[in-house]
Amino acid sequence: MDKTKPMKMDHDHMEHEQMDHSMMNHGGMDHSHMHHGMSGMEHIGNLKLKVVVSFILGIPILLMAPMMGAELPFQFTFTGSSWVVLALSTILFFLWWLAIHRRCYEELKQKKPAMMTLIAMGISVAYFYSVYAVINNDLLGRHPHVMDFFFELASLIIIMLLGHWIEMNSVMKAGSALDQLSKLVPDVAHVLHEDNQIHDMPVASLQQEMTVLVRAGESIPADGVIEDGSSHVDESLVTGESRKVAKQIGDQVIGGTINGDGTLTIKVTQEQGKGFLAQVSELVMNAQSAKSRAENLANKVAGWLFYAALTVGIVAFLIWLPTSGLSKAASILVTVLVIACPHALGLAIPLVVSRSTSIAAMKGLLIRDRDSLENAQKIEYVLMDKTGTLTEGVFEVTAIKSLTDNMSKDEVSALFAGLEQNSSHPIAQSIVDYVAAKGITATKFTDVETVKGVGMQGTYEGTKYMIVNRKYLEQNQINFAQVEYDQLAGQGLSVSFLIAQNEVLGIIGVGDKIKESTKAFIKQLKNRNLIPVMLTGDNATAAKIVADQIGVTEFKAELLPDDKQKIVAQYQAAGHRVMMVGDGVNDAPALALADIGVAIGAGTDVAIDAADVILVKSNPTDILNFLDLAKATNKKMVENLWWGAGYNILALPLAAGVLAPIGFILNPAVGAVLMSLSTVIVAVNAMALKVKTNN
């Protein structure tokens with residue numbers, strides 16, 4: 001078997017009738033695999049610096065340059081001020097151009113002009129025509145006076161940067177999921193040499209067959225097998241299971257998990273870059289790079305506006321050229337293109353997103369990617385990891401009974417715990433913890449071993465005891481309490497029996513409690529015409545029972561961690577929009593690939609960083625709040641886009657002179673006022689966003 005591939009853990013005892021527990025064969029993680037995904041947004045620190053620099057350069061321009069030929073009350077000029085404005089505008093223009101030219105080029109290369117192309121057209125026309133105006137007016141002294149657009153240049157750049165900064169500042173900042181994966185593994189390992197000397201070396205230099213020492217409380221540096229020592233290991237960051245797992249000689253450990261209070265000597269079994277975290281890292285990286293973003297509304301509108309302005313401007317230029325000359329025709333063309341500059345459009349979406357994310361935070365939602373707000377209305381399927389999402393994620397003993405008159409419930413409990421304390425599985429640990437919490441001392445067994453395909457066995461006072469599943473009892477024709485079994489199995493529990501000398505002594509049911517809000521949540525999803533799909537590693541029988549209890553008709557069972565990503569891809573390949581909800585490292589690749597990834601707040605940092613939306617309260621019902629918020633947000637976005645660009649429906653043709661035959665041409669100053677008014681309306685409309693909370 002290829003040990004670099006995920007495989008189910010051969011934990012025979014846990015082949016209980018109702019639940020099939022699977023793990024992965026984990027390998028070491030190489031930090032070199034931790035490539036950093038490119039964020040769609042610029043680092044907020046750099047952006048803030050650009051905003052500050054733009055304000056420093058732009059404010060003097062706004063104070064000295066007229067707004068489309070109209071001097072405002074707060075403005076002033078002095079001898080040579082036009083040259084100062086030109087110098088400041090030149091610096092501002094080229095700084096901005098350096099920041100956007102690549103994105104503008106990509107838009108044009110893909111033949112999809114959008115916001116960057118529209119801005120580039122507006123500021124380029126405004127700048128170069130304004131340079132011509134300064135040369136004509138101040139250097140050559142020609143008449144008539146040519147209007148400059150430095151005010152529009154500076155205001156557009158400041159507003160666009162400010163809008164971008166508002167949006168970034170409102171959306172929660174979080175590190176890369178790949179960064180979080182790399183942090184799980186320590187930088188240094190304590191390598192034990194043949195002379196029993198310990199030497200520290202970089203984890204990236206570890207090789208197979210090396211022996212490492214892991215002290216209490218340290219992170220395990222690589223995947224391996226315990227050669228000496230015992231401890232309880234916290235695997236919650238990797239598996240999503242909240243309980244610590246007992247480990248002893250011969251057990252496998254996962255690189256990146258946290259050692260408990262014991263000291264472990266571990267032989268490394270996987271070469272760097274071939275282990276579990278490395279595999280997850282690669283899956284997340286591939287998913288993030290492959291995840292295609294739908295073109296957002298603002299870019300669509302900006303693209304339409306680009307074509308509209310260019311078409312109207314060129315047509316106007318060609319019409320005015322033969323009748324009024326080059327100067328007049330050029331002035332009309334430039335006015336049309338500058339009026340189309342998306343001042344209000346630049347704030348239309350960011351202000352709504354800022355308001356929306358503020359409301360979301362109050363409702364226990366953190367939105368990391370604002371595209372998720374737009375994509376929400378297109379979702380058809382909601383894929384949900386069972387454990388920790390639909391259930392509490394903590395295995396509990398629901399029932400334990402004595403089935404013989406010769407033993408009390410406490411005696412049966414002690415025997416169950418005595419055998420189970422030698423197992424590392426979370427269910428076994430839950431039994432041990434349950435019995436200990438009852439103040440019952442676990443029985444001390446000898447010759448404890450795993451019985452393949454059955455469970456556990458051991459000897460106490462000369463009698464061999466076994467923990468087995470129903471299949472073993474049926475195959476060996478041992479009578480068991482069918483009524484008690486059916487009662488527990490009907491609850492979706494993992495059911496085991498304690499036997500000795502072919503007599504059933506006790507029965508135990510262990511399960512993961514369904515969250516109280518789950519059933520109502522599933523029902524409301526269906527009411528919204530969304531199809532819930534449950535994903536689980538449980539066997540099909542256990543999965544169906546839980547699915548029936550919560551009202552889910554579609555479920556996928558017996559899944560390995562990377563299967564979830566494949567399922568997301570399958571739905572997407574069929575043309576469906578998918579929301580994925582999960583909480584563990586195993587869910588991270590699927591969260592990254594889904595159209596919207598939703599992470600449970602109590603989950604791992606890796607899952608959270610791979611997601612678009614985080615449920616702070618770990619309550620799936622909050623997804624309904626997100627969907628309602630997204631609907632209201634999209635409505636406000638559309639309204640703001642109309643206010644932000646809709647005035648162009650009138651302003652562009654009027655500026656082009658469509659009413660010139662009756663003696664009316666839009667004064668550029670009036671166009672500027674309309675532009676400013678639309679910006680104010682956009683801000684007021686964004687603040688009016690409100691959403692009711694789902695209880």
# chains A, B, ... in the order shown; residues from 1 in each chain; ligands from 1

$ residues_around --residues "stretch 430-440 of chain A" --least-positions-apart "3" --cutoff "8 Å" --atoms "only C-alpha atoms" --output "list in words"
Arg243, Phe395, Glu396, Val397, Asp410, Ser413, Ala414, Phe416, Ala417, Gly418, Glu420, Gln421, Pro426, Ile427 and Val510 of chain A

$ write_last_selection --atoms "N, CA and C atoms" --output "CSV table (one decimal), in the first residue's frame"
chain,number,residue,atom,x,y,z
A,243,ARG,N,-11.9,15.3,22.2
A,243,ARG,CA,-11.2,14.6,23.3
A,243,ARG,C,-9.8,14.2,22.9
A,395,PHE,N,-18.3,12.7,21.6
A,395,PHE,CA,-18.9,11.4,21.8
A,395,PHE,C,-19.2,11.2,23.2
A,396,GLU,N,-20.4,10.7,23.5
A,396,GLU,CA,-20.9,10.5,24.8
A,396,GLU,C,-21.6,9.1,25.0
A,397,VAL,N,-21.4,8.6,26.2
A,397,VAL,CA,-22.1,7.3,26.5
A,397,VAL,C,-23.5,7.6,26.8
A,410,ASP,N,-22.6,-1.1,37.6
A,410,ASP,CA,-21.2,-0.6,37.9
A,410,ASP,C,-20.2,-1.6,37.5
A,413,SER,N,-19.8,-1.7,33.9
A,413,SER,CA,-19.1,-0.4,33.4
A,413,SER,C,-17.6,-0.5,33.6
A,414,ALA,N,-17.2,-1.1,34.8
A,414,ALA,CA,-15.8,-1.3,35.1
A,414,ALA,C,-15.1,-2.2,34.1
A,416,PHE,N,-16.1,-2.8,30.9
A,416,PHE,CA,-16.1,-2.0,29.6
A,416,PHE,C,-14.8,-1.1,29.6
A,417,ALA,N,-14.7,-0.3,30.7
A,417,ALA,CA,-13.6,0.7,30.8
A,417,ALA,C,-12.3,0.0,30.8
A,418,GLY,N,-12.2,-1.1,31.5
A,418,GLY,CA,-10.9,-1.8,31.6
A,418,GLY,C,-10.4,-2.2,30.3
A,420,GLU,N,-11.4,-0.9,27.3
A,420,GLU,CA,-11.4,0.2,26.4
A,420,GLU,C,-10.2,1.2,26.7
A,421,GLN,N,-9.7,1.1,27.9
A,421,GLN,CA,-8.6,2.1,28.2
A,421,GLN,C,-7.3,1.7,27.5
A,426,PRO,N,-11.4,7.7,19.9
A,426,PRO,CA,-12.2,8.7,20.7
A,426,PRO,C,-13.4,8.1,21.4
A,427,ILE,N,-14.1,7.1,20.7
A,427,ILE,CA,-15.2,6.4,21.3
A,427,ILE,C,-14.8,5.6,22.6
A,510,VAL,N,-22.9,4.4,22.4
A,510,VAL,CA,-22.2,5.7,22.4
A,510,VAL,C,-22.6,6.4,21.1

$ residues_around --residues "stretch 526-538 of chain A" --least-positions-apart "4" --cutoff "8 Å" --atoms "only C-alpha atoms" --output "list in words"
Met19, Asp20, His21, Ser22, Ile379, Glu380, Tyr381, Val382, Leu383, Met384, Asp385, Lys386, Thr387, Ile522, Ala542, Ala543, Ala547, Val552, Thr553, Glu554, Phe555, Lys556, Ala557, Glu558, Leu559, Leu560 and Lys564 of chain A

$ residues_around --residues "stretch 359-365 of chain A" --least-positions-apart "6" --cutoff "7 Å" --atoms "only C-alpha atoms" --output "mmCIF file with all heavy atoms, in the first residue's frame"
data_model
loop_
_atom_site.group_PDB
_atom_site.id
_atom_site.type_symbol
_atom_site.label_atom_id
_atom_site.label_comp_id
_atom_site.auth_asym_id
_atom_site.auth_seq_id
_atom_site.Cartn_x
_atom_site.Cartn_y
_atom_site.Cartn_z
ATOM 1 N N VAL A 613 -17.001 32.451 5.177
ATOM 2 C CA VAL A 613 -17.858 32.931 6.261
ATOM 3 C C VAL A 613 -17.602 32.076 7.494
ATOM 4 O O VAL A 613 -17.426 30.864 7.389
ATOM 5 C CB VAL A 613 -19.352 32.841 5.873
ATOM 6 C CG1 VAL A 613 -20.235 33.353 7.010
ATOM 7 C CG2 VAL A 613 -19.623 33.618 4.593
ATOM 8 N N ILE A 614 -17.569 32.700 8.666
ATOM 9 C CA ILE A 614 -17.308 31.986 9.913
ATOM 10 C C ILE A 614 -18.488 32.184 10.857
ATOM 11 O O ILE A 614 -18.933 33.309 11.082
ATOM 12 C CB ILE A 614 -16.018 32.498 10.582
ATOM 13 C CG1 ILE A 614 -14.822 32.259 9.654
ATOM 14 C CG2 ILE A 614 -15.789 31.808 11.916
ATOM 15 C CD1 ILE A 614 -13.624 33.103 9.994
ATOM 16 N N LEU A 615 -19.007 31.075 11.399
ATOM 17 C CA LEU A 615 -20.089 31.123 12.371
ATOM 18 C C LEU A 615 -19.473 31.171 13.766
ATOM 19 O O LEU A 615 -19.046 30.157 14.304
ATOM 20 C CB LEU A 615 -20.992 29.893 12.234
ATOM 21 C CG LEU A 615 -21.526 29.579 10.830
ATOM 22 C CD1 LEU A 615 -22.449 28.357 10.874
ATOM 23 C CD2 LEU A 615 -22.250 30.773 10.240
ATOM 24 N N VAL A 616 -19.400 32.365 14.341
ATOM 25 C CA VAL A 616 -18.699 32.554 15.609
ATOM 26 C C VAL A 616 -19.302 31.698 16.719
ATOM 27 O O VAL A 616 -18.599 31.133 17.548
ATOM 28 C CB VAL A 616 -18.738 34.044 16.015
ATOM 29 C CG1 VAL A 616 -18.081 34.245 17.370
ATOM 30 C CG2 VAL A 616 -18.040 34.894 14.957
ATOM 31 N N LYS A 617 -20.644 31.581 16.734
ATOM 32 C CA LYS A 617 -21.323 30.850 17.803
ATOM 33 C C LYS A 617 -21.417 29.351 17.521
ATOM 34 O O LYS A 617 -22.032 28.616 18.300
ATOM 35 C CB LYS A 617 -22.729 31.423 18.010
ATOM 36 C CG LYS A 617 -22.737 32.901 18.387
ATOM 37 C CD LYS A 617 -24.166 33.434 18.461
ATOM 38 C CE LYS A 617 -24.182 34.921 18.747
ATOM 39 N NZ LYS A 617 -25.567 35.466 18.751
#

$ closest_residue --among "A:Gly141, A:Gly509, A:Gly122, A:Gly492" --to "A:Val338" --atoms "only C-alpha atoms"
A:Gly122

$ closest_residue --among "A:Leu493, A:Leu88, A:Met210, A:Ala65" --to "A:Phe150" --atoms "only C-alpha atoms"
A:Ala65

$ closest_residue --among "A:Asp200, A:Met115, A:Ala126, A:Ser678" --to "A:Arg103" --atoms "only C-alpha atoms"
A:Met115

$ atom_distance --atom1 "atom CA of A:Ala651" --atom2 "atom CA of A:Ile319"
17.7 Å

$ atom_distance --atom1 "atom CA of A:Ser130" --atom2 "atom CA of A:Ile91"
13.9 Å

$ closest_atom_pairs --of "stretch 82-158 of chain A" --to "stretch 309-312 of chain A" --cutoff "12 Å" --atoms "only C-alpha atoms" --output "CSV"
residue,atom,partner,partner_atom,distance
A:Pro113,CA,A:Leu310,CA,11.7
A:Thr117,CA,A:Leu310,CA,11.5
A:Leu118,CA,A:Ala309,CA,9.2
A:Ile119,CA,A:Ala309,CA,11.9
A:Met121,CA,A:Leu310,CA,9.2
A:Gly122,CA,A:Ala309,CA,9.9
A:Val125,CA,A:Leu310,CA,11.4

$ residues_around --residues "stretch 54-63 of chain A" --least-positions-apart "6" --cutoff "12 Å" --atoms "only C-alpha atoms" --output "PyMOL selection string"
chain A and resi 47-48+70-78+81-96+148-162

$ closest_residue --among "A:Gly224, A:Leu345, A:Gln491, A:Cys104" --to "A:Asn648" --atoms "only C-alpha atoms"
A:Leu345

$ closest_residue --among "A:Thr335, A:Ser327, A:Thr398, A:Asn634" --to "A:Lys513" --atoms "only C-alpha atoms"
A:Thr398

$ select_by_dssp --residues "stretch 59-143 of chain A" --states "alpha helix (DSSP H)" --output "number ranges by chain"
A: 59-64, 81-109, 115-134
